[in-house]
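Q: Sending over data-v4.cif (mmCIF, C-alpha atoms).
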```
data_upload
loop_
_atom_site.group_PDB
_atom_site.id
_atom_site.type_symbol
_atom_site.label_atom_id
_atom_site.label_comp_id
_atom_site.auth_asym_id
_atom_site.auth_seq_id
_atom_site.Cartn_x
_atom_site.Cartn_y
_atom_site.Cartn_z
ATOM 1 C CA MET N 1 0.000 0.000 0.000
ATOM 2 C CA ALA N 2 1.787 3.084 -1.227
ATOM 3 C CA ALA N 3 1.570 6.243 0.809
ATOM 4 C CA ASP N 4 0.396 8.418 -2.071
ATOM 5 C CA TRP N 5 -2.523 6.023 -2.678
ATOM 6 C CA VAL N 6 -3.748 6.463 0.913
ATOM 7 C CA VAL N 7 -3.218 10.228 0.812
ATOM 8 C CA PHE N 8 -5.142 10.516 -2.434
ATOM 9 C CA TRP N 9 -8.146 8.564 -1.209
ATOM 10 C CA VAL N 10 -8.227 10.465 2.074
ATOM 11 C CA PHE N 11 -7.973 13.936 0.570
ATOM 12 C CA ALA N 12 -9.836 13.603 -2.748
ATOM 13 C CA PRO N 13 -13.299 13.188 -1.103
ATOM 14 C CA VAL N 14 -12.509 16.076 1.279
ATOM 15 C CA SER N 15 -11.474 18.236 -1.672
ATOM 16 C CA ILE N 16 -14.544 17.562 -3.804
ATOM 17 C CA GLY N 17 -16.877 17.562 -0.799
ATOM 18 C CA SER N 18 -15.705 20.962 0.414
ATOM 19 C CA ALA N 19 -16.033 22.378 -3.118
ATOM 20 C CA ILE N 20 -19.602 21.095 -3.477
ATOM 21 C CA ALA N 21 -20.512 22.247 0.047
ATOM 22 C CA MET N 22 -19.271 25.707 -0.928
ATOM 23 C CA LEU N 23 -21.979 25.876 -3.590
ATOM 24 C CA PHE N 24 -24.748 25.385 -1.038
ATOM 25 C CA GLN N 25 -23.609 27.905 1.568
ATOM 26 C CA ARG N 26 -25.830 30.960 1.822
ATOM 27 C CA ASN N 27 -23.331 32.715 4.051
ATOM 28 C CA ALA N 28 -20.274 34.037 2.199
ATOM 29 C CA VAL N 29 -17.983 33.506 5.231
ATOM 30 C CA HIS N 30 -18.831 29.797 5.390
ATOM 31 C CA ALA N 31 -18.177 29.520 1.666
ATOM 32 C CA ALA N 32 -14.766 31.145 2.155
ATOM 33 C CA LEU N 33 -13.864 28.762 5.005
ATOM 34 C CA LEU N 34 -14.810 25.732 2.899
ATOM 35 C CA LEU N 35 -12.699 27.112 0.070
ATOM 36 C CA ILE N 36 -9.719 27.323 2.455
ATOM 37 C CA ILE N 37 -10.184 23.615 3.271
ATOM 38 C CA ASN N 38 -10.219 22.913 -0.447
ATOM 39 C CA PHE N 39 -6.994 24.868 -0.985
ATOM 40 C CA PHE N 40 -5.286 22.893 1.797
ATOM 41 C CA THR N 41 -6.240 19.593 0.172
ATOM 42 C CA LEU N 42 -4.869 20.856 -3.149
ATOM 43 C CA ALA N 43 -1.612 21.734 -1.357
ATOM 44 C CA VAL N 44 -1.421 18.133 -0.113
ATOM 45 C CA PHE N 45 -1.907 16.897 -3.692
ATOM 46 C CA TYR N 46 1.003 19.106 -4.794
ATOM 47 C CA LEU N 47 3.148 17.489 -2.104
ATOM 48 C CA VAL N 48 2.234 14.015 -3.365
ATOM 49 C CA LEU N 49 2.955 15.049 -6.954
ATOM 50 C CA GLY N 50 6.507 16.097 -6.098
ATOM 51 C CA ALA N 51 6.023 19.861 -5.853
ATOM 52 C CA PRO N 52 6.828 20.834 -2.233
ATOM 53 C CA PHE N 53 7.616 24.411 -3.232
ATOM 54 C CA LEU N 54 4.136 24.859 -4.708
ATOM 55 C CA PHE N 55 2.744 23.201 -1.567
ATOM 56 C CA ALA N 56 4.257 26.009 0.508
ATOM 57 C CA VAL N 57 3.245 28.707 -1.977
ATOM 58 C CA GLN N 58 -0.304 27.358 -2.126
ATOM 59 C CA ILE N 59 -0.686 27.566 1.647
ATOM 60 C CA ILE N 60 1.029 30.937 2.043
ATOM 61 C CA VAL N 61 -0.428 32.728 -0.984
ATOM 62 C CA TYR N 62 -3.826 31.095 -1.482
ATOM 63 C CA ALA N 63 -4.978 29.836 1.900
ATOM 64 C CA GLY N 64 -3.177 32.698 3.614
ATOM 65 C CA ALA N 65 -3.066 35.939 1.689
ATOM 66 C CA ILE N 66 -5.824 35.629 -0.910
ATOM 67 C CA MET N 67 -8.451 34.142 1.403
ATOM 68 C CA VAL N 68 -7.677 36.716 4.099
ATOM 69 C CA LEU N 69 -8.260 39.385 1.447
ATOM 70 C CA PHE N 70 -11.572 37.715 0.593
ATOM 71 C CA LEU N 71 -12.664 37.584 4.233
ATOM 72 C CA PHE N 72 -11.604 41.189 4.685
ATOM 73 C CA VAL N 73 -13.815 42.303 1.790
ATOM 74 C CA ILE N 74 -16.702 40.150 3.060
ATOM 75 C CA MET N 75 -16.423 41.937 6.409
ATOM 76 C CA LEU N 76 -16.220 45.293 4.620
ATOM 77 C CA LEU N 77 -19.398 44.667 2.642
ATOM 78 C CA GLY N 78 -21.393 43.475 5.646
ATOM 79 C CA VAL N 79 -21.071 39.947 6.961
ATOM 80 C CA ASP N 80 -24.714 39.504 7.942
ATOM 81 C CA ARG N 81 -26.097 39.744 4.429
ATOM 82 C CA GLU N 82 -27.497 36.495 3.145
ATOM 83 C CA GLU N 83 -27.966 35.836 -0.481
ATOM 84 C CA SER N 84 -31.601 35.521 -1.463
ATOM 85 C CA LEU N 85 -32.163 32.190 -3.111
ATOM 86 C CA VAL N 86 -34.925 33.371 -5.448
ATOM 87 C CA GLU N 87 -33.725 32.902 -8.969
ATOM 88 C CA ARG N 88 -35.012 35.469 -11.442
ATOM 89 C CA LEU N 89 -34.292 33.480 -14.564
ATOM 90 C CA LYS N 90 -36.352 30.310 -14.384
ATOM 91 C CA ALA N 91 -34.227 27.987 -16.486
ATOM 92 C CA GLN N 92 -30.883 29.191 -15.105
ATOM 93 C CA ARG N 93 -30.242 26.579 -12.418
ATOM 94 C CA PRO N 94 -31.263 23.382 -14.259
ATOM 95 C CA THR N 95 -29.425 24.570 -17.361
ATOM 96 C CA ALA N 96 -26.293 25.364 -15.344
ATOM 97 C CA ILE N 97 -26.276 21.943 -13.661
ATOM 98 C CA LEU N 98 -26.933 20.190 -16.973
ATOM 99 C CA LEU N 99 -24.151 22.086 -18.736
ATOM 100 C CA GLY N 100 -21.840 21.393 -15.777
ATOM 101 C CA LEU N 101 -22.468 17.657 -16.032
ATOM 102 C CA GLY N 102 -21.838 17.876 -19.777
ATOM 103 C CA LEU N 103 -18.562 19.688 -19.188
ATOM 104 C CA ALA N 104 -17.440 17.114 -16.619
ATOM 105 C CA ALA N 105 -18.274 14.258 -18.983
ATOM 106 C CA GLU N 106 -16.434 15.962 -21.827
ATOM 107 C CA ILE N 107 -13.202 16.481 -19.861
ATOM 108 C CA PHE N 108 -13.568 12.972 -18.447
ATOM 109 C CA PHE N 109 -13.577 11.448 -21.937
ATOM 110 C CA ALA N 110 -10.775 13.774 -23.014
ATOM 111 C CA VAL N 111 -8.665 12.481 -20.087
ATOM 112 C CA ARG N 112 -9.495 8.893 -21.004
ATOM 113 C CA ALA N 113 -8.582 9.429 -24.651
ATOM 114 C CA GLY N 114 -5.518 11.604 -24.083
ATOM 115 C CA VAL N 115 -3.877 10.168 -20.960
ATOM 116 C CA GLY N 116 -5.615 6.899 -20.212
ATOM 117 C CA PHE N 117 -6.762 5.867 -16.761
ATOM 118 C CA ALA N 118 -3.942 3.418 -16.154
ATOM 119 C CA ALA N 119 -1.085 5.783 -17.046
ATOM 120 C CA ARG N 120 1.354 6.051 -14.159
ATOM 121 C CA ALA N 121 4.030 8.647 -13.660
ATOM 122 C CA PRO N 122 7.578 7.556 -14.478
ATOM 123 C CA ALA N 123 9.751 6.681 -11.497
ATOM 124 C CA GLY N 124 12.758 8.702 -10.459
ATOM 125 C CA PHE N 125 11.111 12.133 -10.435
ATOM 126 C CA GLU N 126 12.702 13.011 -7.102
ATOM 127 C CA LYS N 127 16.156 11.813 -8.129
ATOM 128 C CA VAL N 128 16.318 13.182 -11.680
ATOM 129 C CA VAL N 129 13.997 16.166 -12.036
ATOM 130 C CA ASN N 130 13.992 17.394 -8.441
ATOM 131 C CA LYS N 131 17.752 16.976 -8.188
ATOM 132 C CA GLY N 132 19.094 18.979 -5.260
ATOM 133 C CA GLY N 133 15.600 19.692 -3.997
ATOM 134 C CA ASN N 134 12.438 20.949 -5.645
ATOM 135 C CA ALA N 135 13.033 24.624 -4.822
ATOM 136 C CA VAL N 136 16.544 24.531 -6.319
ATOM 137 C CA ALA N 137 15.411 22.736 -9.475
ATOM 138 C CA LEU N 138 12.425 25.073 -9.863
ATOM 139 C CA SER N 139 14.590 28.157 -9.442
ATOM 140 C CA HIS N 140 17.006 26.857 -12.108
ATOM 141 C CA SER N 141 14.089 26.452 -14.485
ATOM 142 C CA LEU N 142 12.558 29.790 -13.494
ATOM 143 C CA PHE N 143 15.708 31.889 -13.760
ATOM 144 C CA ARG N 144 17.176 30.230 -16.842
ATOM 145 C CA ASP N 145 14.323 29.266 -19.134
ATOM 146 C CA TYR N 146 11.573 31.547 -17.888
ATOM 147 C CA PHE N 147 13.494 34.617 -16.813
ATOM 148 C CA PHE N 148 11.711 37.112 -19.062
ATOM 149 C CA PRO N 149 8.160 36.026 -18.081
ATOM 150 C CA PHE N 150 9.284 36.138 -14.453
ATOM 151 C CA GLU N 151 10.345 39.773 -14.829
ATOM 152 C CA VAL N 152 7.116 40.603 -16.666
ATOM 153 C CA THR N 153 5.082 39.348 -13.709
ATOM 154 C CA SER N 154 6.665 42.075 -11.576
ATOM 155 C CA ILE N 155 5.189 44.669 -13.950
ATOM 156 C CA LEU N 156 1.869 42.851 -13.705
ATOM 157 C CA LEU N 157 1.925 42.993 -9.909
ATOM 158 C CA ILE N 158 2.758 46.712 -9.863
ATOM 159 C CA VAL N 159 -0.025 47.457 -12.357
ATOM 160 C CA ALA N 160 -2.477 45.405 -10.278
ATOM 161 C CA ALA N 161 -1.513 47.244 -7.069
ATOM 162 C CA ILE N 162 -1.962 50.645 -8.726
ATOM 163 C CA ALA N 163 -5.249 49.531 -10.306
ATOM 164 C CA ALA N 164 -6.592 48.424 -6.917
ATOM 165 C CA MET N 165 -5.665 51.777 -5.392
ATOM 166 C CA VAL N 166 -7.310 53.712 -8.241
ATOM 167 C CA LEU N 167 -10.476 51.594 -8.173
ATOM 168 C CA ALA N 168 -10.961 51.641 -4.414
ATOM 169 C CA GLN N 169 -10.176 55.333 -4.014
ATOM 170 C CA ARG N 170 -12.971 57.590 -2.779
ATOM 171 C CA ARG N 171 -13.613 60.394 -5.181
ATOM 172 C CA GLY N 172 -14.981 63.735 -4.044
ATOM 173 C CA PRO N 173 -13.883 66.805 -2.206
ATOM 174 C CA ALA N 174 -13.275 65.197 1.186
ATOM 175 C CA VAL N 175 -10.077 63.166 1.064
ATOM 176 C CA THR N 176 -9.071 62.953 4.730
ATOM 177 C CA LEU N 177 -11.084 63.193 7.927
ATOM 178 C CA ALA N 178 -9.700 66.710 8.478
ATOM 179 C CA ASP N 179 -10.882 67.763 5.009
ATOM 180 C CA ARG N 180 -14.301 66.313 5.756
ATOM 181 C CA ALA N 181 -14.567 68.227 9.027
ATOM 182 C CA VAL N 182 -13.726 71.428 7.158
ATOM 183 C CA ALA N 183 -16.287 70.604 4.461
ATOM 184 C CA GLU N 184 -18.998 69.885 7.041
ATOM 185 C CA GLU N 185 -18.311 73.162 8.768
ATOM 186 C CA ALA N 186 -18.762 74.884 5.455
ATOM 187 C CA GLY N 187 -22.177 73.190 5.193
ATOM 188 C CA GLU N 188 -21.397 70.736 2.465
ATOM 189 C CA ALA N 189 -22.795 67.218 2.768
ATOM 190 C CA GLY N 190 -20.266 64.446 3.073
ATOM 191 C CA GLU N 191 -20.072 62.171 0.110
ATOM 192 C CA LEU N 192 -20.825 59.154 2.313
ATOM 193 C CA GLU N 193 -24.551 59.900 2.184
ATOM 194 C CA GLU N 194 -24.594 59.371 -1.520
ATOM 195 C CA GLU N 195 -27.931 58.053 -2.802
ATOM 196 C CA PRO N 196 -27.699 54.505 -4.131
ATOM 197 C CA VAL N 197 -28.563 54.418 -7.796
ATOM 198 C CA ALA N 198 -31.771 52.487 -8.296
ATOM 199 C CA MET Q 1 3.941 6.417 -7.192
ATOM 200 C CA ARG Q 2 1.113 3.965 -7.230
ATOM 201 C CA THR Q 3 -1.737 6.398 -7.947
ATOM 202 C CA PRO Q 4 -2.333 6.849 -11.685
ATOM 203 C CA ILE Q 5 -1.946 10.440 -12.860
ATOM 204 C CA SER Q 6 -5.439 10.403 -14.356
ATOM 205 C CA TYR Q 7 -6.963 10.233 -10.857
ATOM 206 C CA PHE Q 8 -5.603 13.694 -10.101
ATOM 207 C CA LEU Q 9 -6.891 14.866 -13.476
ATOM 208 C CA VAL Q 10 -10.365 13.547 -12.618
ATOM 209 C CA VAL Q 11 -10.310 15.428 -9.292
ATOM 210 C CA SER Q 12 -9.213 18.512 -11.212
ATOM 211 C CA THR Q 13 -12.099 18.008 -13.677
ATOM 212 C CA LEU Q 14 -14.657 17.733 -10.892
ATOM 213 C CA LEU Q 15 -13.341 20.820 -9.100
ATOM 214 C CA PHE Q 16 -13.380 22.800 -12.341
ATOM 215 C CA THR Q 17 -16.968 21.704 -12.987
ATOM 216 C CA VAL Q 18 -18.068 22.678 -9.481
ATOM 217 C CA GLY Q 19 -16.447 26.075 -10.015
ATOM 218 C CA THR Q 20 -18.210 26.537 -13.343
ATOM 219 C CA VAL Q 21 -21.604 25.636 -11.896
ATOM 220 C CA GLY Q 22 -20.884 27.992 -8.990
ATOM 221 C CA VAL Q 23 -20.233 30.884 -11.370
ATOM 222 C CA LEU Q 24 -23.479 30.146 -13.222
ATOM 223 C CA VAL Q 25 -25.726 29.516 -10.212
ATOM 224 C CA ARG Q 26 -24.622 31.868 -7.442
ATOM 225 C CA ARG Q 27 -25.570 35.555 -7.410
ATOM 226 C CA ASN Q 28 -23.341 37.033 -4.728
ATOM 227 C CA ALA Q 29 -20.412 38.589 -6.593
ATOM 228 C CA LEU Q 30 -17.953 37.454 -3.903
ATOM 229 C CA VAL Q 31 -19.047 33.822 -4.080
ATOM 230 C CA ILE Q 32 -18.858 33.947 -7.883
ATOM 231 C CA PHE Q 33 -15.310 35.210 -7.487
ATOM 232 C CA MET Q 34 -14.473 32.357 -5.099
ATOM 233 C CA SER Q 35 -15.794 29.910 -7.695
ATOM 234 C CA ILE Q 36 -13.443 31.433 -10.258
ATOM 235 C CA GLU Q 37 -10.585 30.871 -7.803
ATOM 236 C CA LEU Q 38 -11.683 27.252 -7.514
ATOM 237 C CA GLN Q 39 -11.500 26.895 -11.305
ATOM 238 C CA LEU Q 40 -7.994 28.396 -11.371
ATOM 239 C CA ASN Q 41 -6.858 25.989 -8.663
ATOM 240 C CA ALA Q 42 -8.328 23.033 -10.511
ATOM 241 C CA VAL Q 43 -6.274 23.963 -13.561
ATOM 242 C CA ASN Q 44 -3.178 24.359 -11.360
ATOM 243 C CA LEU Q 45 -3.676 20.820 -10.076
ATOM 244 C CA ALA Q 46 -3.882 19.550 -13.653
ATOM 245 C CA LEU Q 47 -0.680 21.428 -14.524
ATOM 246 C CA VAL Q 48 1.240 19.941 -11.590
ATOM 247 C CA ALA Q 49 -0.087 16.466 -12.417
ATOM 248 C CA PHE Q 50 1.044 16.807 -16.037
ATOM 249 C CA SER Q 51 4.408 18.067 -14.828
ATOM 250 C CA ARG Q 52 4.785 14.862 -12.804
ATOM 251 C CA MET Q 53 3.624 12.726 -15.718
ATOM 252 C CA HIS Q 54 6.033 14.174 -18.263
ATOM 253 C CA GLY Q 55 8.949 14.268 -15.838
ATOM 254 C CA ASN Q 56 9.906 17.926 -16.168
ATOM 255 C CA LEU Q 57 9.258 21.104 -14.223
ATOM 256 C CA ASN Q 58 7.586 23.240 -16.909
ATOM 257 C CA GLY Q 59 4.117 22.503 -15.555
ATOM 258 C CA GLN Q 60 5.140 23.560 -12.063
ATOM 259 C CA VAL Q 61 6.608 26.814 -13.385
ATOM 260 C CA LEU Q 62 3.392 27.488 -15.270
ATOM 261 C CA ALA Q 63 1.346 26.773 -12.132
ATOM 262 C CA PHE Q 64 3.576 29.216 -10.270
ATOM 263 C CA PHE Q 65 2.931 31.930 -12.865
ATOM 264 C CA SER Q 66 -0.758 31.111 -12.750
ATOM 265 C CA MET Q 67 -0.722 31.749 -8.990
ATOM 266 C CA VAL Q 68 0.922 35.141 -9.536
ATOM 267 C CA VAL Q 69 -1.684 36.104 -12.129
ATOM 268 C CA ALA Q 70 -4.455 34.846 -9.823
ATOM 269 C CA ALA Q 71 -3.158 37.052 -7.002
ATOM 270 C CA ALA Q 72 -3.165 40.117 -9.272
ATOM 271 C CA GLU Q 73 -6.618 39.198 -10.561
ATOM 272 C CA VAL Q 74 -8.024 38.843 -7.027
ATOM 273 C CA VAL Q 75 -6.715 42.264 -6.039
ATOM 274 C CA VAL Q 76 -8.260 44.017 -9.056
ATOM 275 C CA GLY Q 77 -11.488 42.020 -8.935
ATOM 276 C CA LEU Q 78 -12.107 42.688 -5.245
ATOM 277 C CA ALA Q 79 -11.405 46.390 -5.816
ATOM 278 C CA ILE Q 80 -14.035 46.408 -8.580
ATOM 279 C CA ILE Q 81 -16.532 44.626 -6.306
ATOM 280 C CA VAL Q 82 -15.894 47.168 -3.532
ATOM 281 C CA ALA Q 83 -16.331 50.042 -6.014
ATOM 282 C CA ILE Q 84 -19.636 48.588 -7.287
ATOM 283 C CA TYR Q 85 -20.801 48.046 -3.701
ATOM 284 C CA ARG Q 86 -20.066 51.671 -2.818
ATOM 285 C CA ARG Q 87 -22.040 52.840 -5.826
ATOM 286 C CA ARG Q 88 -25.061 50.549 -5.573
ATOM 287 C CA ARG Q 89 -25.017 49.298 -1.936
ATOM 288 C CA SER Q 90 -25.251 45.693 -3.127
ATOM 289 C CA ALA Q 91 -22.914 42.861 -4.039
ATOM 290 C CA ASP Q 92 -25.646 40.968 -5.884
ATOM 291 C CA VAL Q 93 -24.911 40.585 -9.582
ATOM 292 C CA ASP Q 94 -28.617 40.892 -10.464
ATOM 293 C CA ASP Q 95 -28.610 44.454 -9.156
ATOM 294 C CA ALA Q 96 -25.816 45.509 -11.478
ATOM 295 C CA SER Q 97 -27.997 45.584 -14.576
ATOM 296 C CA LEU Q 98 -27.173 49.038 -15.899
ATOM 297 C CA LEU Q 99 -26.206 47.747 -19.341
ATOM 298 C CA LYS Q 100 -29.338 45.636 -19.688
ATOM 299 C CA TRP Q 101 -32.007 47.016 -22.036
#
```
Could you take the file, read its structure, and then write that structure out as structure tokens?
A:
Amino acid sequence: MAADWVVFWVFAPVSIGSAIAMLFQRNAVHAALLLIINFFTLAVFYLVLGAPFLFAVQIIVYAGAIMVLFLFVIMLLGVDREESLVERLKAQRPTAILLGLGLAAEIFFAVRAGVGFAARAPAGFEKVVNKGGNAVALSHSLFRDYFFPFEVTSILLIVAAIAAMVLAQRRGPAVTLADRAVAEEAGEAGELEEEPVA
Amino acid sequence: MRTPISYFLVVSTLLFTVGTVGVLVRRNALVIFMSIELQLNAVNLALVAFSRMHGNLNGQVLAFFSMVVAAAEVVVGLAIIVAIYRRRRSADVDDASLLKW
């Protein structure tokens, strides 16, 4: 009984179960917590597949940073809101589930035709490919073969940070609390009481 | 490794499908966004599995880049959701129907 076999059969049901349970959560916080469980199981799969560096990155970046950002925004938008389950388009849900099943069947047959269900990974991945450790081998690949894309991602991250600041900025005369106090003294209404557009 | 690679691909398929159905069915913009994250992670799992199958690290590098892009995408997407919420006081996608005739 190989270890990866046991790990797969323990974590695969947890992974799929937490993903499906996420669909049925009315509360966004519960959905986020189930998604964190799912990300942890994916990290374990990376470990089994010989990618310990991605295991660490998955936990730090996804289960840590990204999901904390999600929870932060959920708190910002009001945690007590529950999604109403009335669907306005009548055929939306059955059609979505039907198309989802079709998609799953399609990829399933593509996997069977392209890879085959009995195909096993070649032995010696740890000794040959991950020589000197996965992080070392990955950094050789990253900084030799993929150096230019790696540098481009830094531009992408800077652009994303600036875009987030521009999008989330409050526009209007009052920029700081001191400005707002001055504006209120002058009799101008704060821009917080903006009417929601119907 | 005793587990066939296709098993991981099947898990990846199912997660991707659940994410797709989530995007189509749910109406809270944040939950839709989480479903998109689930789809991205499903593809990452497939990439790492293929990397293991073919015996090189290109799939892992691509999964790494995919994580970077996903982080950037989350930042911008959440900023857009916050901006829409400030404007309309709702994170429900049915309420953002300004372009509908």
Q: Counting all atoms listed in the file, note down every residue that has an atom within 12 Å of the point (-11.6, 38.7, 3.9) (file coordinates), as a count of residues only.
A: 30
Q: Carefully work through the PyMOL selection byres ((chain N) within 7 of (chain Q)) for this structure and note down the residues it includes, as a PyMOL selection string.
A: chain N and resi 2+4-5+12+16+19-20+23+28+46+49+66+83+93+96-97+100+103-104+107-108+111+115-122+125+129+138+142+157+160+163-164+167-168+196-197
Q: What gap, in Å, lies between CA of Phe147 in chain N and CA of Val44 in chain N?
A: 27.8 Å
Q: Can you work out the spacing between CA of Lys100 in chain Q and CA of Leu89 in chain N in Å, to one decimal?
A: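 Distance reported for this atom pair: 14.1 Å.
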Q: One decimal, in Å: what's the spacing between CA of Leu35 in chain N and CA of Ser15 in chain N?
A: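 Interatomic distance, CA of Leu35 in chain N to CA of Ser15 in chain N: 9.1 Å.
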Q: Report as a list in words all protein, DNA and RNA residues lying within 8 Å of range 130-135 of chain N, evaluated on all atoms listed in the file, omitting residues in the same chain fewer than 3 positions from it.
A: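 With the cut-off at 8 Å, the set is Gly50, Ala51, Pro52, Phe53, Phe125, Glu126, Lys127, Leu138 and Ser139 of chain N.
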